[in-house]
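Next comes my_file.csv, with CSV, N, CA and C atoms.
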chain,number,residue,atom,x,y,z
A,1,VAL,N,17.0,-26.6,7.5
A,1,VAL,CA,18.4,-26.5,7.3
A,1,VAL,C,19.1,-26.3,8.6
A,2,GLN,N,20.0,-27.2,8.9
A,2,GLN,CA,20.7,-27.2,10.2
A,2,GLN,C,22.1,-27.8,10.1
A,3,LEU,N,22.9,-27.2,10.9
A,3,LEU,CA,24.3,-27.8,11.1
A,3,LEU,C,24.4,-28.1,12.6
A,4,GLN,N,25.0,-29.2,12.9
A,4,GLN,CA,25.3,-29.6,14.2
A,4,GLN,C,26.7,-30.0,14.4
A,5,ALA,N,27.4,-29.3,15.4
A,5,ALA,CA,28.7,-29.7,15.8
A,5,ALA,C,28.7,-30.5,17.0
A,6,SER,N,29.6,-31.5,17.0
A,6,SER,CA,29.7,-32.4,18.1
A,6,SER,C,31.1,-32.9,18.3
A,7,GLY,N,31.4,-33.6,19.4
A,7,GLY,CA,32.7,-34.2,19.6
A,7,GLY,C,33.6,-33.5,20.6
A,8,GLY,N,33.1,-32.4,21.1
A,8,GLY,CA,34.0,-31.7,22.0
A,8,GLY,C,34.0,-32.5,23.4
A,9,GLY,N,34.9,-32.0,24.2
A,9,GLY,CA,35.1,-32.6,25.5
A,9,GLY,C,36.3,-32.1,26.2
A,10,SER,N,36.7,-32.8,27.3
A,10,SER,CA,37.9,-32.4,28.0
A,10,SER,C,39.0,-33.4,27.8
A,11,VAL,N,40.2,-32.9,27.6
A,11,VAL,CA,41.3,-33.8,27.3
A,11,VAL,C,42.6,-33.2,27.8
A,12,GLN,N,43.5,-34.0,28.1
A,12,GLN,CA,44.8,-33.5,28.6
A,12,GLN,C,45.7,-33.0,27.5
A,13,PRO,N,46.6,-32.2,27.8
A,13,PRO,CA,47.5,-31.7,26.8
A,13,PRO,C,48.2,-32.9,26.1
A,14,GLY,N,48.3,-32.8,24.8
A,14,GLY,CA,48.9,-33.9,24.0
A,14,GLY,C,47.8,-34.8,23.5
A,15,GLY,N,46.6,-34.7,24.0
A,15,GLY,CA,45.6,-35.6,23.6
A,15,GLY,C,44.9,-35.3,22.3
A,16,SER,N,43.9,-36.0,21.9
A,16,SER,CA,43.3,-35.9,20.6
A,16,SER,C,41.8,-35.9,20.8
A,17,LEU,N,41.1,-35.2,19.9
A,17,LEU,CA,39.7,-35.2,19.7
A,17,LEU,C,39.3,-35.1,18.3
A,18,ARG,N,38.2,-35.6,17.9
A,18,ARG,CA,37.7,-35.4,16.5
A,18,ARG,C,36.3,-34.8,16.6
A,19,LEU,N,36.2,-33.6,16.0
A,19,LEU,CA,34.9,-32.9,16.0
A,19,LEU,C,34.2,-33.3,14.7
A,20,SER,N,32.9,-33.4,14.8
A,20,SER,CA,32.1,-33.7,13.6
A,20,SER,C,31.1,-32.6,13.4
A,21,CYS,N,30.8,-32.3,12.1
A,21,CYS,CA,29.8,-31.3,11.7
A,21,CYS,C,28.9,-32.0,10.8
A,22,THR,N,27.6,-32.1,11.2
A,22,THR,CA,26.6,-32.8,10.5
A,22,THR,C,25.6,-31.9,9.9
A,23,ALA,N,25.3,-32.0,8.6
A,23,ALA,CA,24.3,-31.2,8.0
A,23,ALA,C,23.0,-31.9,7.8
A,24,SER,N,21.9,-31.2,7.9
A,24,SER,CA,20.6,-31.7,7.5
A,24,SER,C,19.8,-30.7,6.7
A,25,GLY,N,19.2,-31.1,5.7
A,25,GLY,CA,18.4,-30.2,4.9
A,25,GLY,C,19.1,-29.6,3.7
A,26,PHE,N,20.4,-29.9,3.6
A,26,PHE,CA,21.1,-29.5,2.4
A,26,PHE,C,22.4,-30.4,2.3
A,27,THR,N,23.0,-30.3,1.1
A,27,THR,CA,24.1,-31.2,0.8
A,27,THR,C,25.4,-30.5,1.2
A,28,LEU,N,26.0,-30.9,2.2
A,28,LEU,CA,27.2,-30.2,2.7
A,28,LEU,C,28.3,-30.2,1.7
A,29,GLY,N,28.4,-31.2,0.9
A,29,GLY,CA,29.4,-31.3,-0.1
A,29,GLY,C,29.4,-30.1,-1.1
A,30,ASP,N,28.2,-29.5,-1.2
A,30,ASP,CA,28.1,-28.3,-2.2
A,30,ASP,C,28.5,-27.0,-1.5
A,31,TYR,N,29.0,-27.1,-0.3
A,31,TYR,CA,29.3,-25.9,0.4
A,31,TYR,C,30.7,-25.9,0.9
A,32,ALA,N,31.4,-24.8,1.0
A,32,ALA,CA,32.6,-24.7,1.7
A,32,ALA,C,32.3,-24.8,3.2
A,33,VAL,N,33.2,-25.4,4.0
A,33,VAL,CA,32.9,-25.6,5.4
A,33,VAL,C,34.2,-25.1,6.2
A,34,ALA,N,33.9,-24.5,7.3
A,34,ALA,CA,34.9,-24.0,8.2
A,34,ALA,C,34.7,-24.4,9.6
A,35,TRP,N,35.7,-24.5,10.3
A,35,TRP,CA,35.7,-24.6,11.8
A,35,TRP,C,36.2,-23.3,12.3
A,36,PHE,N,35.4,-22.7,13.2
A,36,PHE,CA,35.9,-21.5,13.9
A,36,PHE,C,35.9,-21.8,15.4
A,37,ARG,N,36.7,-21.0,16.1
A,37,ARG,CA,36.7,-21.2,17.6
A,37,ARG,C,36.7,-19.8,18.3
A,38,GLN,N,36.2,-19.9,19.5
A,38,GLN,CA,36.1,-18.6,20.3
A,38,GLN,C,36.5,-19.0,21.7
A,39,ALA,N,37.6,-18.5,22.2
A,39,ALA,CA,38.0,-18.7,23.6
A,39,ALA,C,37.4,-17.5,24.4
A,40,PRO,N,37.3,-17.7,25.7
A,40,PRO,CA,36.8,-16.6,26.6
A,40,PRO,C,37.6,-15.3,26.4
A,41,GLY,N,36.9,-14.2,26.2
A,41,GLY,CA,37.6,-13.0,26.1
A,41,GLY,C,38.3,-12.7,24.8
A,42,LYS,N,38.2,-13.6,23.8
A,42,LYS,CA,38.9,-13.5,22.5
A,42,LYS,C,37.9,-13.5,21.4
A,43,GLU,N,38.3,-13.0,20.3
A,43,GLU,CA,37.5,-12.9,19.1
A,43,GLU,C,37.4,-14.3,18.4
A,44,ARG,N,36.3,-14.5,17.7
A,44,ARG,CA,36.2,-15.8,17.0
A,44,ARG,C,37.2,-15.8,15.9
A,45,GLU,N,37.9,-16.9,15.7
A,45,GLU,CA,38.9,-17.1,14.7
A,45,GLU,C,38.7,-18.3,13.9
A,46,ALA,N,39.0,-18.2,12.6
A,46,ALA,CA,38.9,-19.4,11.7
A,46,ALA,C,40.1,-20.4,12.0
A,47,VAL,N,39.8,-21.6,12.3
A,47,VAL,CA,40.8,-22.6,12.6
A,47,VAL,C,41.1,-23.4,11.3
A,48,SER,N,40.1,-23.8,10.6
A,48,SER,CA,40.4,-24.6,9.4
A,48,SER,C,39.2,-24.5,8.4
A,49,CYS,N,39.5,-24.5,7.1
A,49,CYS,CA,38.5,-24.4,6.1
A,49,CYS,C,38.8,-25.4,5.0
A,50,ILE,N,37.7,-25.8,4.3
A,50,ILE,CA,37.9,-26.7,3.2
A,50,ILE,C,36.9,-26.2,2.1
A,51,ASP,N,37.3,-26.2,0.9
A,51,ASP,CA,36.4,-25.7,-0.2
A,51,ASP,C,35.5,-26.9,-0.6
A,52,THR,N,34.8,-26.7,-1.7
A,52,THR,CA,33.8,-27.6,-2.2
A,52,THR,C,34.4,-28.8,-2.9
A,53,SER,N,35.7,-28.9,-3.1
A,53,SER,CA,36.3,-30.0,-3.8
A,53,SER,C,36.1,-31.3,-3.0
A,54,ASP,N,36.3,-32.4,-3.6
A,54,ASP,CA,36.0,-33.7,-3.0
A,54,ASP,C,37.2,-34.3,-2.3
A,55,GLY,N,38.2,-33.5,-2.0
A,55,GLY,CA,39.4,-34.0,-1.3
A,55,GLY,C,40.4,-34.5,-2.3
A,56,ASP,N,40.3,-34.1,-3.6
A,56,ASP,CA,41.3,-34.5,-4.5
A,56,ASP,C,42.4,-33.5,-4.5
A,57,ALA,N,43.3,-33.6,-5.5
A,57,ALA,CA,44.5,-32.8,-5.5
A,57,ALA,C,44.2,-31.3,-5.6
A,58,ASN,N,43.0,-31.0,-6.1
A,58,ASN,CA,42.6,-29.6,-6.3
A,58,ASN,C,42.0,-29.0,-5.0
A,59,THR,N,41.8,-29.8,-4.0
A,59,THR,CA,41.1,-29.2,-2.8
A,59,THR,C,41.9,-28.2,-2.2
A,60,TYR,N,41.2,-27.1,-1.7
A,60,TYR,CA,41.9,-26.0,-1.0
A,60,TYR,C,41.6,-26.2,0.5
A,61,TYR,N,42.7,-26.1,1.2
A,61,TYR,CA,42.6,-26.2,2.7
A,61,TYR,C,43.2,-25.0,3.3
A,62,TYR,N,42.6,-24.6,4.4
A,62,TYR,CA,43.1,-23.5,5.2
A,62,TYR,C,43.3,-23.9,6.6
A,63,TYR,N,44.4,-23.6,7.2
A,63,TYR,CA,44.7,-23.8,8.6
A,63,TYR,C,45.3,-22.6,9.2
A,64,THR,N,44.8,-22.2,10.3
A,64,THR,CA,45.5,-21.1,11.0
A,64,THR,C,46.9,-21.6,11.4
A,65,ASP,N,47.8,-20.7,11.5
A,65,ASP,CA,49.2,-21.1,11.8
A,65,ASP,C,49.4,-21.9,13.1
A,66,SER,N,48.6,-21.6,14.1
A,66,SER,CA,48.8,-22.3,15.4
A,66,SER,C,48.4,-23.7,15.4
A,67,VAL,N,47.6,-24.2,14.3
A,67,VAL,CA,47.2,-25.6,14.3
A,67,VAL,C,47.8,-26.4,13.2
A,68,LYS,N,48.6,-25.7,12.3
A,68,LYS,CA,49.2,-26.5,11.2
A,68,LYS,C,50.0,-27.6,11.7
A,69,GLY,N,49.8,-28.8,11.1
A,69,GLY,CA,50.5,-30.0,11.5
A,69,GLY,C,49.9,-30.7,12.6
A,70,ARG,N,48.9,-30.2,13.2
A,70,ARG,CA,48.2,-30.8,14.3
A,70,ARG,C,46.7,-31.1,14.0
A,71,PHE,N,46.1,-30.3,13.3
A,71,PHE,CA,44.7,-30.4,13.0
A,71,PHE,C,44.5,-30.8,11.5
A,72,THR,N,43.5,-31.6,11.2
A,72,THR,CA,43.2,-32.0,9.8
A,72,THR,C,41.7,-31.9,9.6
A,73,ILE,N,41.3,-31.2,8.6
A,73,ILE,CA,39.9,-31.1,8.2
A,73,ILE,C,39.6,-32.1,7.0
A,74,SER,N,38.5,-32.7,7.0
A,74,SER,CA,38.2,-33.7,6.0
A,74,SER,C,36.7,-33.8,5.8
A,75,ARG,N,36.3,-34.3,4.6
A,75,ARG,CA,34.9,-34.4,4.3
A,75,ARG,C,34.5,-35.9,4.3
A,76,ASP,N,33.2,-36.2,4.6
A,76,ASP,CA,32.6,-37.5,4.5
A,76,ASP,C,31.3,-37.2,3.8
A,77,ASN,N,31.4,-37.1,2.4
A,77,ASN,CA,30.2,-36.7,1.7
A,77,ASN,C,29.1,-37.7,1.8
A,78,ALA,N,29.4,-39.0,1.9
A,78,ALA,CA,28.4,-40.1,2.0
A,78,ALA,C,27.5,-39.9,3.2
A,79,ASN,N,28.1,-39.3,4.3
A,79,ASN,CA,27.3,-39.1,5.5
A,79,ASN,C,27.0,-37.6,5.7
A,80,ASN,N,27.3,-36.8,4.7
A,80,ASN,CA,26.9,-35.3,4.8
A,80,ASN,C,27.6,-34.7,6.0
A,81,MET,N,28.9,-35.0,6.2
A,81,MET,CA,29.6,-34.6,7.4
A,81,MET,C,31.0,-34.0,7.0
A,82,VAL,N,31.5,-33.2,7.9
A,82,VAL,CA,32.9,-32.7,7.9
A,82,VAL,C,33.5,-33.0,9.3
A,83,TYR,N,34.7,-33.4,9.3
A,83,TYR,CA,35.4,-33.6,10.5
A,83,TYR,C,36.6,-32.7,10.7
A,84,LEU,N,36.9,-32.5,12.0
A,84,LEU,CA,38.2,-31.8,12.3
A,84,LEU,C,38.9,-32.7,13.3
A,85,GLN,N,39.9,-33.4,12.9
A,85,GLN,CA,40.8,-34.2,13.7
A,85,GLN,C,41.8,-33.3,14.4
A,86,MET,N,41.8,-33.3,15.7
A,86,MET,CA,42.7,-32.4,16.5
A,86,MET,C,43.6,-33.3,17.3
A,87,ASN,N,44.9,-33.2,17.0
A,87,ASN,CA,45.9,-34.0,17.7
A,87,ASN,C,46.9,-33.0,18.4
A,88,SER,N,47.6,-33.6,19.3
A,88,SER,CA,48.6,-32.8,20.1
A,88,SER,C,48.0,-31.5,20.6
A,89,LEU,N,46.9,-31.7,21.3
A,89,LEU,CA,46.1,-30.5,21.8
A,89,LEU,C,46.9,-29.8,22.8
A,90,LYS,N,46.7,-28.5,22.9
A,90,LYS,CA,47.4,-27.6,23.8
A,90,LYS,C,46.4,-26.9,24.6
A,91,PRO,N,46.7,-26.4,25.8
A,91,PRO,CA,45.7,-25.6,26.6
A,91,PRO,C,45.2,-24.4,25.8
A,92,GLU,N,46.0,-23.8,24.9
A,92,GLU,CA,45.5,-22.7,24.2
A,92,GLU,C,44.5,-23.0,23.1
A,93,ASP,N,44.3,-24.3,22.9
A,93,ASP,CA,43.2,-24.8,21.9
A,93,ASP,C,41.8,-24.8,22.6
A,94,THR,N,41.8,-24.5,23.9
A,94,THR,CA,40.6,-24.5,24.6
A,94,THR,C,39.7,-23.4,24.1
A,95,ALA,N,38.4,-23.8,23.7
A,95,ALA,CA,37.5,-22.8,23.1
A,95,ALA,C,36.2,-23.5,22.8
A,96,VAL,N,35.2,-22.7,22.4
A,96,VAL,CA,34.0,-23.3,21.8
A,96,VAL,C,34.3,-23.3,20.3
A,97,TYR,N,34.1,-24.5,19.7
A,97,TYR,CA,34.3,-24.7,18.3
A,97,TYR,C,33.0,-24.7,17.6
A,98,TYR,N,32.9,-24.0,16.5
A,98,TYR,CA,31.7,-23.9,15.6
A,98,TYR,C,32.1,-24.4,14.2
A,99,CYS,N,31.1,-25.1,13.6
A,99,CYS,CA,31.3,-25.3,12.2
A,99,CYS,C,30.3,-24.4,11.5
A,100,ALA,N,30.7,-24.1,10.2
A,100,ALA,CA,30.0,-23.1,9.4
A,100,ALA,C,30.0,-23.6,8.0
A,101,ALA,N,29.0,-23.3,7.2
A,101,ALA,CA,28.9,-23.7,5.8
A,101,ALA,C,28.5,-22.5,5.0
A,102,GLY,N,29.0,-22.4,3.8
A,102,GLY,CA,28.7,-21.3,2.9
A,102,GLY,C,28.9,-21.7,1.5
A,103,ASN,N,28.1,-21.1,0.6
A,103,ASN,CA,28.3,-21.3,-0.8
A,103,ASN,C,28.7,-20.1,-1.5
A,104,GLY,N,29.4,-20.2,-2.6
A,104,GLY,CA,29.8,-19.1,-3.4
A,104,GLY,C,30.9,-18.3,-2.8
A,105,ILE,N,31.7,-18.9,-1.9
A,105,ILE,CA,32.8,-18.2,-1.2
A,105,ILE,C,34.1,-18.3,-2.0
A,106,ILE,N,34.6,-17.1,-2.3
A,106,ILE,CA,35.9,-17.1,-3.0
A,106,ILE,C,37.0,-17.6,-2.0
A,107,LEU,N,38.1,-18.2,-2.5
A,107,LEU,CA,39.1,-18.8,-1.7
A,107,LEU,C,39.7,-17.8,-0.7
A,108,SER,N,39.9,-16.5,-1.1
A,108,SER,CA,40.5,-15.5,-0.2
A,108,SER,C,39.6,-15.2,0.9
A,109,SER,N,38.3,-15.5,0.9
A,109,SER,CA,37.4,-15.2,1.9
A,109,SER,C,37.0,-16.4,2.8
A,110,LEU,N,37.6,-17.5,2.6
A,110,LEU,CA,37.2,-18.7,3.3
A,110,LEU,C,37.4,-18.6,4.8
A,111,SER,N,38.3,-17.8,5.3
A,111,SER,CA,38.5,-17.6,6.7
A,111,SER,C,37.7,-16.5,7.4
A,112,ARG,N,36.8,-15.9,6.6
A,112,ARG,CA,36.0,-14.8,7.1
A,112,ARG,C,34.7,-15.4,7.6
A,113,ALA,N,34.4,-15.1,8.9
A,113,ALA,CA,33.1,-15.6,9.4
A,113,ALA,C,31.9,-15.0,8.7
A,114,ASP,N,32.0,-13.8,8.2
A,114,ASP,CA,30.8,-13.2,7.5
A,114,ASP,C,30.6,-13.8,6.1
A,115,ALA,N,31.4,-14.7,5.7
A,115,ALA,CA,31.2,-15.4,4.4
A,115,ALA,C,30.3,-16.6,4.5
A,116,TYR,N,30.0,-17.0,5.7
A,116,TYR,CA,29.2,-18.2,5.9
A,116,TYR,C,27.7,-18.0,6.2
A,117,ASN,N,26.9,-18.9,5.6
A,117,ASN,CA,25.5,-18.7,5.7
A,117,ASN,C,24.9,-19.5,6.9
A,118,TYR,N,25.5,-20.7,7.2
A,118,TYR,CA,24.9,-21.5,8.2
A,118,TYR,C,25.9,-21.8,9.3
A,119,TRP,N,25.5,-21.9,10.5
A,119,TRP,CA,26.3,-22.1,11.7
A,119,TRP,C,25.7,-23.2,12.6
A,120,GLY,N,26.6,-24.0,13.1
A,120,GLY,CA,26.2,-25.0,14.1
A,120,GLY,C,26.2,-24.3,15.5
A,121,GLN,N,25.8,-25.0,16.5
A,121,GLN,CA,25.6,-24.4,17.8
A,121,GLN,C,26.9,-24.3,18.6
A,122,GLY,N,28.0,-25.0,18.2
A,122,GLY,CA,29.2,-24.9,19.0
A,122,GLY,C,29.3,-26.1,19.9
A,123,THR,N,30.6,-26.5,20.1
A,123,THR,CA,30.9,-27.6,21.0
A,123,THR,C,32.2,-27.2,21.7
A,124,LEU,N,32.2,-27.4,23.0
A,124,LEU,CA,33.3,-27.0,23.9
A,124,LEU,C,34.4,-28.0,23.9
A,125,VAL,N,35.6,-27.5,23.7
A,125,VAL,CA,36.9,-28.2,23.8
A,125,VAL,C,37.7,-27.6,25.0
A,126,THR,N,38.0,-28.5,25.9
A,126,THR,CA,38.8,-28.0,27.1
A,126,THR,C,40.1,-28.9,27.1
A,127,VAL,N,41.2,-28.2,27.1
A,127,VAL,CA,42.5,-28.9,27.2
A,127,VAL,C,43.2,-28.5,28.5
A,128,SER,N,43.3,-29.4,29.4
A,128,SER,CA,43.8,-29.0,30.7
A,128,SER,C,44.3,-30.2,31.4
A,129,SER,N,45.4,-30.0,32.2
A,129,SER,CA,45.9,-31.1,32.9
A,129,SER,C,45.3,-31.2,34.3

Can you give me the file's structure in the form of structure tokens?
Amino acid sequence: VQLQASGGGSVQPGGSLRLSCTASGFTLGDYAVAWFRQAPGKEREAVSCIDTSDGDANTYYYYTDSVKGRFTISRDNANNMVYLQMNSLKPEDTAVYYCAAGNGIILSSLSRADAYNYWGQGTLVTVSS
């Protein structure tokens, strides 16, 4: 069972990146998935979460206030992946980004790191001019 986060890199303010979270050994579509980030000297925070729905009208999405309207989380169940599209990036988005997967998580706990069973290794996003 493994999660792998990828897609990080260096970008100028206003640029875009797409992070990918790939699962092996289990069906990611059966799990809630979240992207967390941790900047130097700061606590890990939930950036975005998606529940186990298939992206239909009943899907629950969570975005932290600072990324609303700029980031989009989505599933690709055919490829056992989840993406985080990040647009209009700002220097304050600089952090190591982690994907996490968990099952049986109630909606009110989706942004809690301790709710997740599996974690990827992290991918660094640097936004700087």

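Closest to Ala100 of chain A among A:Phe26, A:Tyr31, A:Tyr118, A:Tyr62 is A:Tyr118, based on all atoms listed in the file.
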
Can you pull out every residue within 6.5 Å of Gly29 of chain A, counting only N, CA and C atoms, but drop anything in the same chain fewer than 2 positions away, and send it as a PyMOL selection string?
chain A and resi 26-27+31-32+52+77+80

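Within 9 Å of the point (28.6, -35.5, 4.8), counting only C-alpha atoms, the protein and nucleic acid residues come to Cys21, Thr22, Ala23, Thr27, Leu28, Gly29, Arg75, Asp76, Asn77, Ala78, Asn79, Asn80, Met81 and Val82 of chain A.
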
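Taking atom CA of Leu84 of chain A and atom CA of Phe71 of chain A as the two end points, the separation is 6.7 Å.
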
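One distance worth recording is that between atom C of Thr72 of chain A and atom N of Cys99 of chain A, which is 13.2 Å.
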
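Atom CA of Tyr63 of chain A is positioned 25.4 Å from atom CA of Ser24 of chain A.
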
DSSP on the backbone, helix (DSSP H, G or I) only: what residues of segment 10-129 of chain A does that give? Format it as a PyMOL selection string.
chain A and resi 28-30+65-67+77-79+91-93+107-109+113-115

Find the residues around Val47 of chain A up to 5 Å (all atoms listed in the file counted), leave out those fewer than 3 positions away in its own chain, and share them as a ChimeraX atom specification.
/A:35-37,63-64

Looking only at strand (DSSP E) from DSSP on the backbone, list the matching residues of chain A as a ChimeraX atom specification.
/A:2-6,9-11,17-24,32-38,45-50,61-63,71-76,81-86,95-102,118-119,123-127

Near segment 102-105 of chain A, within 8 Å and counting all atoms listed in the file, which residues show up once chain neighbours fewer than 3 positions away are dropped, as a list of chain:residue names?
A:Asp30, A:Tyr31, A:Ala32, A:Val33, A:Ala34, A:Asp51, A:Ser108, A:Ser109, A:Leu110, A:Ala115, A:Tyr116, A:Asn117, A:Tyr118, A:Trp119

Could the residues in this selection be written to a file with N, CA and C atoms, as an mmCIF file, keeping the file's coordinate frame?
data_model
loop_
_atom_site.group_PDB
_atom_site.id
_atom_site.type_symbol
_atom_site.label_atom_id
_atom_site.label_comp_id
_atom_site.auth_asym_id
_atom_site.auth_seq_id
_atom_site.Cartn_x
_atom_site.Cartn_y
_atom_site.Cartn_z
ATOM 1 N N ASP A 30 28.200 -29.500 -1.200
ATOM 2 C CA ASP A 30 28.100 -28.300 -2.200
ATOM 3 C C ASP A 30 28.500 -27.000 -1.500
ATOM 4 N N TYR A 31 29.000 -27.100 -0.300
ATOM 5 C CA TYR A 31 29.300 -25.900 0.400
ATOM 6 C C TYR A 31 30.700 -25.900 0.900
ATOM 7 N N ALA A 32 31.400 -24.800 1.000
ATOM 8 C CA ALA A 32 32.600 -24.700 1.700
ATOM 9 C C ALA A 32 32.300 -24.800 3.200
ATOM 10 N N VAL A 33 33.200 -25.400 4.000
ATOM 11 C CA VAL A 33 32.900 -25.600 5.400
ATOM 12 C C VAL A 33 34.200 -25.100 6.200
ATOM 13 N N ALA A 34 33.900 -24.500 7.300
ATOM 14 C CA ALA A 34 34.900 -24.000 8.200
ATOM 15 C C ALA A 34 34.700 -24.400 9.600
ATOM 16 N N ASP A 51 37.300 -26.200 0.900
ATOM 17 C CA ASP A 51 36.400 -25.700 -0.200
ATOM 18 C C ASP A 51 35.500 -26.900 -0.600
ATOM 19 N N SER A 108 39.900 -16.500 -1.100
ATOM 20 C CA SER A 108 40.500 -15.500 -0.200
ATOM 21 C C SER A 108 39.600 -15.200 0.900
ATOM 22 N N SER A 109 38.300 -15.500 0.900
ATOM 23 C CA SER A 109 37.400 -15.200 1.900
ATOM 24 C C SER A 109 37.000 -16.400 2.800
ATOM 25 N N LEU A 110 37.600 -17.500 2.600
ATOM 26 C CA LEU A 110 37.200 -18.700 3.300
ATOM 27 C C LEU A 110 37.400 -18.600 4.800
ATOM 28 N N ALA A 115 31.400 -14.700 5.700
ATOM 29 C CA ALA A 115 31.200 -15.400 4.400
ATOM 30 C C ALA A 115 30.300 -16.600 4.500
ATOM 31 N N TYR A 116 30.000 -17.000 5.700
ATOM 32 C CA TYR A 116 29.200 -18.200 5.900
ATOM 33 C C TYR A 116 27.700 -18.000 6.200
ATOM 34 N N ASN A 117 26.900 -18.900 5.600
ATOM 35 C CA ASN A 117 25.500 -18.700 5.700
ATOM 36 C C ASN A 117 24.900 -19.500 6.900
ATOM 37 N N TYR A 118 25.500 -20.700 7.200
ATOM 38 C CA TYR A 118 24.900 -21.500 8.200
ATOM 39 C C TYR A 118 25.900 -21.800 9.300
ATOM 40 N N TRP A 119 25.500 -21.900 10.500
ATOM 41 C CA TRP A 119 26.300 -22.100 11.700
ATOM 42 C C TRP A 119 25.700 -23.200 12.600
#

Of A:Leu19, A:Val1, A:Thr126, A:Gln121, the one sitting nearest Asp93 of chain A when using all atoms listed in the file is A:Thr126

What's the 6 Å shell around Val125 of chain A, counting only N, CA and C atoms, without same-chain residues fewer than 2 positions away, as a list in words?
Gly8, Gly9, Ser10, Asp93, Thr94, Ala95, Val96, Tyr97, Thr123 and Val127 of chain A

Give me, as a list in words, all polymer residues having an atom no more than 12 Å from Ser66 of chain A, counting only C-alpha atoms and skipping those fewer than 6 positions away in the same chain.
Glu45, Ala46, Val47, Ser48, Met86, Ser88, Leu89, Lys90, Glu92 and Asp93 of chain A

Find the smallest box with edges along x, y and z containing every listed atom of segment 66-74 of chain A, then add 5 Å on each side and report centre and edge lengths in Å to one decimal, as JSON.
{"center_x": 43.6, "center_y": -27.7, "center_z": 10.6, "size_x": 23.8, "size_y": 22.2, "size_z": 19.6}

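Proximity ranking of A:Val67, A:Ile106, A:Cys49, A:Leu17 relative to Gln85 of chain A places A:Leu17 first, based on only N, CA and C atoms.
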
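Each of A:Glu43, A:Leu3, A:Gly120, A:Ser129 was compared to Gly15 of chain A using only C-alpha atoms, and A:Ser129 turns out to be the nearest.
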